[in-house]
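Q: Hey, dropping run13.txt in here, compact mmCIF, C-alpha atoms:
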# COMPACT_ATOMS: atom_id res chain seq x y z
CA MET A 24 -88.41 83.62 -79.57
CA SER A 25 -92.16 83.24 -79.20
CA LEU A 26 -92.89 80.50 -81.70
CA LEU A 27 -89.55 78.74 -81.31
CA LYS A 28 -90.10 77.92 -77.66
CA TRP A 29 -93.30 76.06 -78.55
CA CYS A 30 -91.55 73.79 -81.05
CA ASP A 31 -90.40 70.27 -80.28
CA GLU A 32 -86.73 70.13 -79.29
CA GLY A 33 -84.40 69.69 -82.25
CA PRO A 34 -86.22 70.10 -85.56
CA ALA A 35 -86.84 66.89 -87.56
CA THR A 36 -84.75 67.24 -90.70
CA VAL A 37 -83.31 65.11 -93.47
CA SER A 38 -80.78 66.06 -96.11
CA LEU A 39 -81.59 66.75 -99.74
CA GLN A 40 -79.85 63.45 -100.53
CA ALA A 41 -82.11 61.41 -98.23
CA THR A 42 -84.48 58.72 -99.44
CA VAL A 43 -88.17 58.40 -98.64
CA ASP A 44 -87.19 55.54 -96.33
CA ASP A 45 -84.82 57.85 -94.38
CA ALA A 46 -87.50 60.52 -94.12
CA ILE A 47 -90.24 58.15 -92.90
CA GLN A 48 -87.87 56.54 -90.37
CA THR A 49 -87.07 60.03 -89.04
CA MET A 50 -90.76 60.91 -88.76
CA LEU A 51 -91.48 57.68 -86.89
CA GLU A 52 -88.49 58.03 -84.53
CA LYS A 53 -89.30 61.66 -83.72
CA GLN A 54 -93.06 60.99 -83.69
CA VAL A 55 -93.77 63.88 -86.01
CA GLY A 56 -95.82 64.23 -89.16
CA ALA A 57 -93.30 66.17 -91.23
CA VAL A 58 -89.58 66.66 -91.77
CA ALA A 59 -87.79 69.64 -93.24
CA VAL A 60 -85.57 68.72 -96.19
CA ILE A 61 -82.41 70.81 -95.87
CA ASP A 62 -79.26 71.40 -97.88
CA GLU A 63 -75.74 71.16 -96.47
CA GLU A 64 -76.03 74.70 -95.07
CA GLY A 65 -79.23 73.85 -93.20
CA VAL A 66 -81.33 75.89 -95.62
CA VAL A 67 -84.87 74.56 -96.10
CA ALA A 68 -85.56 73.19 -99.58
CA GLY A 69 -89.01 71.84 -98.73
CA MET A 70 -91.06 69.77 -96.33
CA PHE A 71 -91.94 66.10 -96.59
CA THR A 72 -95.14 65.26 -94.76
CA GLU A 73 -97.62 62.49 -93.97
CA ARG A 74 -99.76 64.02 -96.68
CA ASP A 75 -96.96 63.61 -99.24
CA VAL A 76 -96.60 59.97 -98.18
CA LEU A 77 -100.32 59.44 -98.71
CA ALA A 78 -100.72 61.36 -101.96
CA LYS A 79 -97.42 60.75 -103.74
CA PHE A 80 -95.86 57.62 -102.35
CA ALA A 81 -98.23 55.10 -100.73
CA LEU A 82 -99.84 53.84 -103.96
CA SER A 83 -96.87 54.50 -106.24
CA GLY A 84 -95.31 51.06 -105.94
CA ARG A 85 -91.91 52.76 -105.63
CA ASP A 86 -89.14 51.40 -103.41
CA PRO A 87 -88.74 53.79 -100.45
CA LYS A 88 -85.00 53.08 -100.27
CA ARG A 89 -84.54 54.10 -103.90
CA THR A 90 -86.86 57.10 -104.02
CA PRO A 91 -85.17 60.45 -103.34
CA VAL A 92 -87.20 62.51 -100.88
CA HIS A 93 -86.55 65.69 -102.88
CA GLU A 94 -88.68 64.25 -105.71
CA LEU A 95 -91.75 64.01 -103.46
CA MET A 96 -91.27 66.86 -100.99
CA SER A 97 -93.55 69.90 -101.03
CA PRO A 98 -91.98 73.29 -101.62
CA MET A 99 -92.83 75.82 -98.91
CA VAL A 100 -94.49 78.96 -100.20
CA GLU A 101 -94.41 80.57 -96.78
CA MET A 102 -92.13 80.07 -93.83
CA ALA A 103 -92.09 81.58 -90.36
CA THR A 104 -89.31 83.61 -88.77
CA GLU A 105 -88.56 84.43 -85.17
CA GLU A 106 -90.73 87.50 -85.60
CA THR A 107 -93.83 85.55 -86.69
CA THR A 108 -96.54 85.55 -84.02
CA PRO A 109 -98.46 82.39 -83.10
CA SER A 110 -101.65 83.76 -84.65
CA GLU A 111 -99.88 84.67 -87.89
CA ALA A 112 -98.41 81.17 -88.06
CA LEU A 113 -101.77 79.52 -87.36
CA GLN A 114 -103.50 81.66 -89.96
CA VAL A 115 -100.94 80.83 -92.66
CA MET A 116 -101.10 77.11 -91.81
CA LEU A 117 -104.89 77.07 -92.03
CA GLU A 118 -104.96 79.04 -95.28
CA ARG A 119 -102.22 77.03 -96.98
CA HIS A 120 -103.37 73.70 -95.56
CA TYR A 121 -100.01 73.19 -93.85
CA ARG A 122 -99.88 71.30 -90.60
CA HIS A 123 -96.24 72.25 -90.02
CA MET A 124 -94.13 75.25 -90.93
CA PRO A 125 -90.37 75.71 -90.64
CA ILE A 126 -89.09 78.66 -88.67
CA VAL A 127 -86.05 80.01 -90.48
CA ASP A 128 -83.41 82.66 -89.95
CA ASP A 129 -82.72 85.42 -92.47
CA ARG A 130 -80.65 83.06 -94.62
CA GLY A 131 -83.43 80.44 -94.71
CA LYS A 132 -81.66 78.14 -92.26
CA VAL A 133 -84.03 76.01 -90.20
CA LEU A 134 -84.33 76.96 -86.52
CA GLY A 135 -87.35 74.86 -85.67
CA ILE A 136 -90.60 73.44 -87.00
CA VAL A 137 -93.89 74.62 -85.56
CA SER A 138 -97.08 72.59 -85.91
CA ILE A 139 -100.74 73.41 -85.43
CA ARG A 140 -100.58 70.92 -82.56
CA ASN A 141 -97.71 72.83 -80.88
CA ILE A 142 -99.76 76.02 -80.92
CA LEU A 143 -102.92 74.30 -79.70
CA GLU A 144 -101.09 72.53 -76.89
CA ALA A 145 -99.38 75.73 -75.77
CA ARG A 146 -102.73 77.49 -75.54
CA VAL A 147 -105.15 74.65 -74.94
CA ASP A 148 -106.62 75.89 -71.67
CA ASP A 149 -107.43 79.32 -73.05
CA LEU A 150 -108.80 77.88 -76.27
CA LEU A 151 -111.10 75.40 -74.54
CA THR A 152 -112.56 78.11 -72.35
CA GLN A 153 -113.02 80.27 -75.41
CA LEU A 154 -114.71 77.55 -77.44
CA ASP A 155 -117.31 76.82 -74.79
CA ALA A 156 -117.97 80.47 -74.01
CA LYS A 157 -118.52 81.15 -77.70
CA HIS A 158 -120.67 78.10 -78.25
CA PRO A 159 -123.68 77.91 -75.93
CA ALA A 160 -125.99 74.95 -76.55
CA GLY A 161 -128.12 75.50 -79.63
CA ALA A 162 -126.21 78.54 -80.85
CA LYS A 163 -125.49 78.81 -84.53
CA ALA A 164 -121.88 78.93 -85.69
CA MET B 10 -126.12 69.42 -83.77
CA SER B 11 -123.21 71.62 -82.77
CA LEU B 12 -120.26 69.51 -83.87
CA LEU B 13 -122.02 67.87 -86.80
CA LYS B 14 -122.60 71.11 -88.64
CA TRP B 15 -118.86 71.80 -88.62
CA CYS B 16 -118.03 68.48 -90.29
CA ASP B 17 -117.37 68.09 -93.98
CA GLU B 18 -120.49 66.99 -95.91
CA GLY B 19 -120.85 63.21 -96.12
CA PRO B 20 -118.40 61.43 -93.84
CA ALA B 21 -115.49 59.64 -95.55
CA THR B 22 -116.03 55.94 -94.90
CA VAL B 23 -114.93 52.58 -96.25
CA SER B 24 -116.32 49.16 -95.46
CA LEU B 25 -114.65 46.60 -93.22
CA GLN B 26 -113.95 44.60 -96.38
CA ALA B 27 -112.07 47.46 -98.09
CA THR B 28 -108.39 47.33 -98.98
CA VAL B 29 -105.73 49.88 -98.11
CA ASP B 30 -105.89 50.95 -101.76
CA ASP B 31 -109.65 51.66 -101.46
CA ALA B 32 -109.11 53.63 -98.25
CA ILE B 33 -106.28 55.77 -99.63
CA GLN B 34 -108.23 56.46 -102.86
CA THR B 35 -111.17 57.62 -100.71
CA MET B 36 -108.93 59.89 -98.63
CA LEU B 37 -107.44 61.43 -101.77
CA GLU B 38 -110.81 61.92 -103.51
CA LYS B 39 -112.39 63.49 -100.43
CA GLN B 40 -109.20 65.38 -99.56
CA VAL B 41 -109.27 64.17 -95.97
CA GLY B 42 -106.65 62.63 -93.71
CA ALA B 43 -108.77 59.81 -92.31
CA VAL B 44 -111.63 57.48 -93.13
CA ALA B 45 -113.99 55.70 -90.77
CA VAL B 46 -114.04 51.94 -91.31
CA ILE B 47 -117.65 50.83 -90.90
CA ASP B 48 -119.57 47.56 -90.90
CA GLU B 49 -122.69 46.88 -93.00
CA GLU B 50 -124.85 48.68 -90.42
CA GLY B 51 -122.69 51.81 -90.57
CA VAL B 52 -121.22 51.13 -87.14
CA VAL B 53 -117.66 52.40 -86.70
CA ALA B 54 -115.06 49.65 -86.31
CA GLY B 55 -112.07 51.98 -86.39
CA MET B 56 -110.36 54.80 -88.24
CA PHE B 57 -107.68 54.56 -90.89
CA THR B 58 -105.53 57.67 -91.04
CA GLU B 59 -102.52 59.27 -92.69
CA ARG B 60 -100.63 58.30 -89.57
CA ASP B 61 -101.53 54.62 -90.07
CA VAL B 62 -100.33 54.86 -93.68
CA LEU B 63 -97.03 56.31 -92.46
CA ALA B 64 -96.47 54.01 -89.49
CA LYS B 65 -97.95 50.71 -90.63
CA PHE B 66 -98.04 50.67 -94.39
CA ALA B 67 -95.56 52.95 -96.20
CA LEU B 68 -92.43 50.91 -95.43
CA SER B 69 -94.12 47.50 -95.20
CA GLY B 70 -93.65 46.53 -98.83
CA ARG B 71 -97.23 45.22 -98.83
CA ASP B 72 -99.50 45.46 -101.87
CA PRO B 73 -102.19 48.06 -101.11
CA LYS B 74 -104.74 46.18 -103.21
CA ARG B 75 -104.20 43.01 -101.19
CA THR B 76 -103.95 44.50 -97.72
CA PRO B 77 -107.25 44.63 -95.80
CA VAL B 78 -107.73 48.02 -94.18
CA HIS B 79 -109.10 46.40 -91.02
CA GLU B 80 -105.64 44.94 -90.35
CA LEU B 81 -104.07 48.41 -90.20
CA MET B 82 -106.88 50.61 -88.89
CA SER B 83 -106.70 52.15 -85.43
CA PRO B 84 -109.42 51.29 -82.95
CA MET B 85 -111.14 54.34 -81.50
CA VAL B 86 -111.05 54.52 -77.73
CA GLU B 87 -113.27 57.57 -77.65
CA MET B 88 -115.90 58.82 -80.06
CA ALA B 89 -118.06 61.93 -80.08
CA THR B 90 -121.85 62.08 -80.04
CA GLU B 91 -124.25 64.84 -80.98
CA GLU B 92 -124.03 66.00 -77.37
CA THR B 93 -120.24 66.43 -77.40
CA THR B 94 -119.22 70.09 -77.32
CA PRO B 95 -116.47 71.46 -79.57
CA SER B 96 -114.16 71.98 -76.61
CA GLU B 97 -114.71 68.43 -75.34
CA ALA B 98 -113.95 67.08 -78.80
CA LEU B 99 -110.81 69.21 -79.14
CA GLN B 100 -109.60 68.18 -75.69
CA VAL B 101 -110.05 64.46 -76.42
CA MET B 102 -108.33 64.79 -79.81
CA LEU B 103 -105.34 66.59 -78.27
CA GLU B 104 -105.04 64.12 -75.38
CA ARG B 105 -105.43 60.99 -77.51
CA HIS B 106 -103.36 62.37 -80.39
CA TYR B 107 -106.30 61.99 -82.78
CA ARG B 108 -106.70 64.43 -85.62
CA HIS B 109 -110.17 63.15 -86.46
CA MET B 110 -112.98 61.66 -84.40
CA PRO B 111 -116.20 60.02 -85.59
CA ILE B 112 -119.48 61.41 -84.32
CA VAL B 113 -121.78 58.46 -83.72
CA ASP B 114 -125.39 57.87 -82.70
CA ASP B 115 -126.37 55.73 -79.71
CA ARG B 116 -125.86 52.54 -81.72
CA GLY B 117 -122.36 53.58 -82.82
CA LYS B 118 -123.46 54.44 -86.36
CA VAL B 119 -121.35 57.14 -87.98
CA LEU B 120 -123.04 60.53 -88.43
CA GLY B 121 -119.98 62.55 -89.33
CA ILE B 122 -116.26 62.93 -88.77
CA VAL B 123 -114.93 66.00 -87.02
CA SER B 124 -111.32 67.11 -87.35
CA ILE B 125 -109.15 69.52 -85.41
CA ARG B 126 -109.10 71.54 -88.63
CA ASN B 127 -112.92 71.71 -88.74
CA ILE B 128 -113.00 73.14 -85.23
CA LEU B 129 -110.19 75.60 -85.91
CA GLU B 130 -111.77 76.80 -89.14
CA ALA B 131 -115.16 77.27 -87.51
CA ARG B 132 -113.60 79.42 -84.81
CA VAL B 133 -110.53 80.84 -86.49
CA ASP B 134 -111.32 84.51 -86.05
CA ASP B 135 -111.94 84.19 -82.33
CA LEU B 136 -108.91 81.99 -81.85
CA LEU B 137 -106.56 84.32 -83.70
CA THR B 138 -107.67 87.28 -81.63
CA GLN B 139 -107.28 85.20 -78.50
CA LEU B 140 -103.77 84.01 -79.41
CA ASP B 141 -102.43 87.49 -79.96
CA ALA B 142 -104.11 88.97 -76.94
CA LYS B 143 -102.63 86.24 -74.77
CA HIS B 144 -99.21 86.48 -76.31
CA PRO B 145 -97.68 89.94 -76.16
CA ALA B 146 -94.17 90.20 -77.61
CA GLY B 147 -91.59 88.80 -75.23
CA ALA B 148 -94.09 87.18 -72.87
CA LYS B 149 -93.36 83.73 -71.58
CA ALA B 150 -95.71 80.90 -72.53
When written as structure tokens, how does the structure in this file appear?

A:
Amino acid sequence: MSLLKWCDEGPATVSLQATVDDAIQTMLEKQVGAVAVIDEEGVVAGMFTERDVLAKFALSGRDPKRTPVHELMSPMVEMATEETTPSEALQVMLERHYRHMPIVDDRGKVLGIVSIRNILEARVDDLLTQLDAKHPAGAKA
Amino acid sequence: MSLLKWCDEGPATVSLQATVDDAIQTMLEKQVGAVAVIDEEGVVAGMFTERDVLAKFALSGRDPKRTPVHELMSPMVEMATEETTPSEALQVMLERHYRHMPIVDDRGKVLGIVSIRNILEARVDDLLTQLDAKHPAGAKA
């Protein structure tokens, strides 16, 4: 349950049939930067993120109410499970350039969405102490 | 020079006269999530970010080539200087919900843009060790 308890309550999801308009409205209502796109069983088909909006939609001239989100979502190469540790999740997100990662059960059903921000906020006091201790004035990185 | 050396080379900037199209093209070319909007002296007027694209532009129906970026940019309440430590910068970004922060000189001229990702990547090995050490299986956050 380690990662799950750091997630925001109730993962932000839209259905595979949703439009880009639906997905962006959900992101704005939930104040998140990504939604999981799920099928009728709750299984994750992909993520749709602020980055997808920027790179695939914003300059496309397409109508958000007529653009299916599944056409623009990003497939997830890696997902977390309840066994994934915070450091494993952070490492994967940094390597893959994800900012969010779904946490799924053994059938791929979404349990939560963890973000880099969730992990930082859960550990911010430790991390700040660590950063300063490791970075005396004038030291080289 | 501590924070500056962690920034990407050459800060991503657009002029106050730029359009949303210019700003998004710059973000895509430089593969960054934010640009500093600067005046003719290089002084930071605000930031335009993926979040601004999502919240203020994507569903607006406006033409990106005819929308001035200064209408949609976010003013910066806090900026970093060369004296700001990595932990101070991270703390401000988490509190203010920034993902990027300009580093400016004493006249407000942009020297670089630091992101949460820059700080994490510069310190990832330490942080990963720290996260696991502080988070034994089953422990409460």

Q: Of the candidates B:Glu92, B:Asp48, B:Glu104, B:Asp115, which one gets nearest to Ser11 (chain B) if we count all atoms listed in the file?

A: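 Among the listed residues, B:Glu92 lies closest to Ser11 (chain B).
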
Q: May I have the residues within 8 Å of Ile139 (chain A) as a list of chain:residue names, using all atoms listed in the file and disregarding those fewer than 4 positions away in the same chain?

A: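 Surrounding residues, per the criterion: A:Leu113, A:Met116, A:Arg122, A:His123, A:Leu143.
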
Q: Please produce an output containing C-alpha atoms for each residue in the selection, written as a compact mmCIF listing (two decimals), in the frame of the given file.

A:
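Written output follows (again.txt):
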# COMPACT_ATOMS: atom_id res chain seq x y z
CA LEU A 113 -101.77 79.52 -87.36
CA MET A 116 -101.10 77.11 -91.81
CA ARG A 122 -99.88 71.30 -90.60
CA HIS A 123 -96.24 72.25 -90.02
CA LEU A 143 -102.92 74.30 -79.70

Q: CA of Arg89 (chain A) and CA of Asp45 (chain A) are how many Å apart?

A: 10.2 Å

Q: For the point (-79.1, 72.8, -97.7) in file coordinates, what residues are within 12 Å, counting all atoms listed in the file? Give the answer as number ranges by chain?

A: A: 36-41, 59-69, 93, 130-133

Q: Let me see the file: selected residues, C-alpha atoms, as a JSON list (two decimals), in the coordinates of the input.

A:
[["chain", "number", "residue", "atom", "x", "y", "z"],
["A", 36, "THR", "CA", -84.75, 67.24, -90.70],
["A", 37, "VAL", "CA", -83.31, 65.11, -93.47],
["A", 38, "SER", "CA", -80.78, 66.06, -96.11],
["A", 39, "LEU", "CA", -81.59, 66.75, -99.74],
["A", 40, "GLN", "CA", -79.85, 63.45, -100.53],
["A", 41, "ALA", "CA", -82.11, 61.41, -98.23],
["A", 59, "ALA", "CA", -87.79, 69.64, -93.24],
["A", 60, "VAL", "CA", -85.57, 68.72, -96.19],
["A", 61, "ILE", "CA", -82.41, 70.81, -95.87],
["A", 62, "ASP", "CA", -79.26, 71.40, -97.88],
["A", 63, "GLU", "CA", -75.74, 71.16, -96.47],
["A", 64, "GLU", "CA", -76.03, 74.70, -95.07],
["A", 65, "GLY", "CA", -79.23, 73.85, -93.20],
["A", 66, "VAL", "CA", -81.33, 75.89, -95.62],
["A", 67, "VAL", "CA", -84.87, 74.56, -96.10],
["A", 68, "ALA", "CA", -85.56, 73.19, -99.58],
["A", 69, "GLY", "CA", -89.01, 71.84, -98.73],
["A", 93, "HIS", "CA", -86.55, 65.69, -102.88],
["A", 130, "ARG", "CA", -80.65, 83.06, -94.62],
["A", 131, "GLY", "CA", -83.43, 80.44, -94.71],
["A", 132, "LYS", "CA", -81.66, 78.14, -92.26],
["A", 133, "VAL", "CA", -84.03, 76.01, -90.20]]

Q: Please build the interface table for chain B against chain A with a cut-off of 9 Å, listing for each qualifying residue the nearest atom pair and the distance in Å to one decimal; count only C-alpha atoms, order rows by chain and increasing number, and write it as CSV.

A:
residue,atom,partner,partner_atom,distance
B:Met10,CA,A:Gly161,CA,7.6
B:Ser11,CA,A:Gly161,CA,7.0
B:Lys14,CA,A:Ala164,CA,8.4
B:Trp15,CA,A:Ala164,CA,8.3
B:Asp30,CA,A:Leu82,CA,7.1
B:Ile33,CA,A:Leu77,CA,7.1
B:Gln34,CA,A:Leu82,CA,8.9
B:Met36,CA,A:Leu77,CA,8.6
B:Leu37,CA,A:Ala78,CA,6.7
B:Gly42,CA,A:Arg74,CA,7.6
B:Glu59,CA,A:Glu73,CA,6.0
B:Arg60,CA,A:Glu73,CA,6.8
B:Val62,CA,A:Leu77,CA,6.8
B:Leu63,CA,A:Glu73,CA,6.4
B:Ala64,CA,A:Leu51,CA,6.7
B:Phe66,CA,A:Ala81,CA,7.7
B:Ala67,CA,A:Ala81,CA,5.7
B:Leu68,CA,A:Pro87,CA,6.9
B:Gly70,CA,A:Asp86,CA,8.1
B:Asp72,CA,A:Gly84,CA,8.1
B:Pro73,CA,A:Leu82,CA,6.9
B:Thr94,CA,A:Asp155,CA,7.4
B:Pro95,CA,A:Leu154,CA,6.7
B:Ser96,CA,A:Leu151,CA,5.0
B:Glu97,CA,A:Leu151,CA,7.9
B:Leu99,CA,A:Leu151,CA,7.7
B:Gln100,CA,A:Leu151,CA,7.5
B:Leu103,CA,A:Glu144,CA,7.4
B:Arg126,CA,A:Leu117,CA,7.7
B:Leu129,CA,A:Leu117,CA,8.2
B:Glu130,CA,A:Leu117,CA,7.5
B:Ala131,CA,A:Ala164,CA,7.2
B:Arg132,CA,A:Leu154,CA,7.7
B:Val133,CA,A:Gln114,CA,7.9
B:Asp135,CA,A:Gln153,CA,8.0
B:Leu136,CA,A:Leu150,CA,6.9
B:Leu137,CA,A:Ser110,CA,5.0
B:Thr138,CA,A:Ser110,CA,7.6
B:Gln139,CA,A:Leu150,CA,7.8
B:Leu140,CA,A:Ser110,CA,5.7
B:Asp141,CA,A:Ser110,CA,6.0
B:Lys143,CA,A:Asp149,CA,8.6
B:His144,CA,A:Pro109,CA,8.0
B:Ala146,CA,A:Ser25,CA,7.4
B:Gly147,CA,A:Ser25,CA,6.9
B:Ala148,CA,A:Ser25,CA,7.7
B:Lys149,CA,A:Ser25,CA,7.7
B:Ala150,CA,A:Ala145,CA,7.1

Q: Leaving out Leu27 (chain A) and any residue of its chain fewer than 4 positions from it, which residues lie within 9 Å of it when counting only C-alpha atoms, given as a VMD selection string?

A: chain A and resid 31 104 to 105 126 134 to 137

Q: Just give me the gap between CA of Phe57 (chain B) and CA of Ser138 (chain A) in Å, one decimal is fine.

A: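 Between CA of Phe57 (chain B) and CA of Ser138 (chain A) the gap is 21.5 Å.
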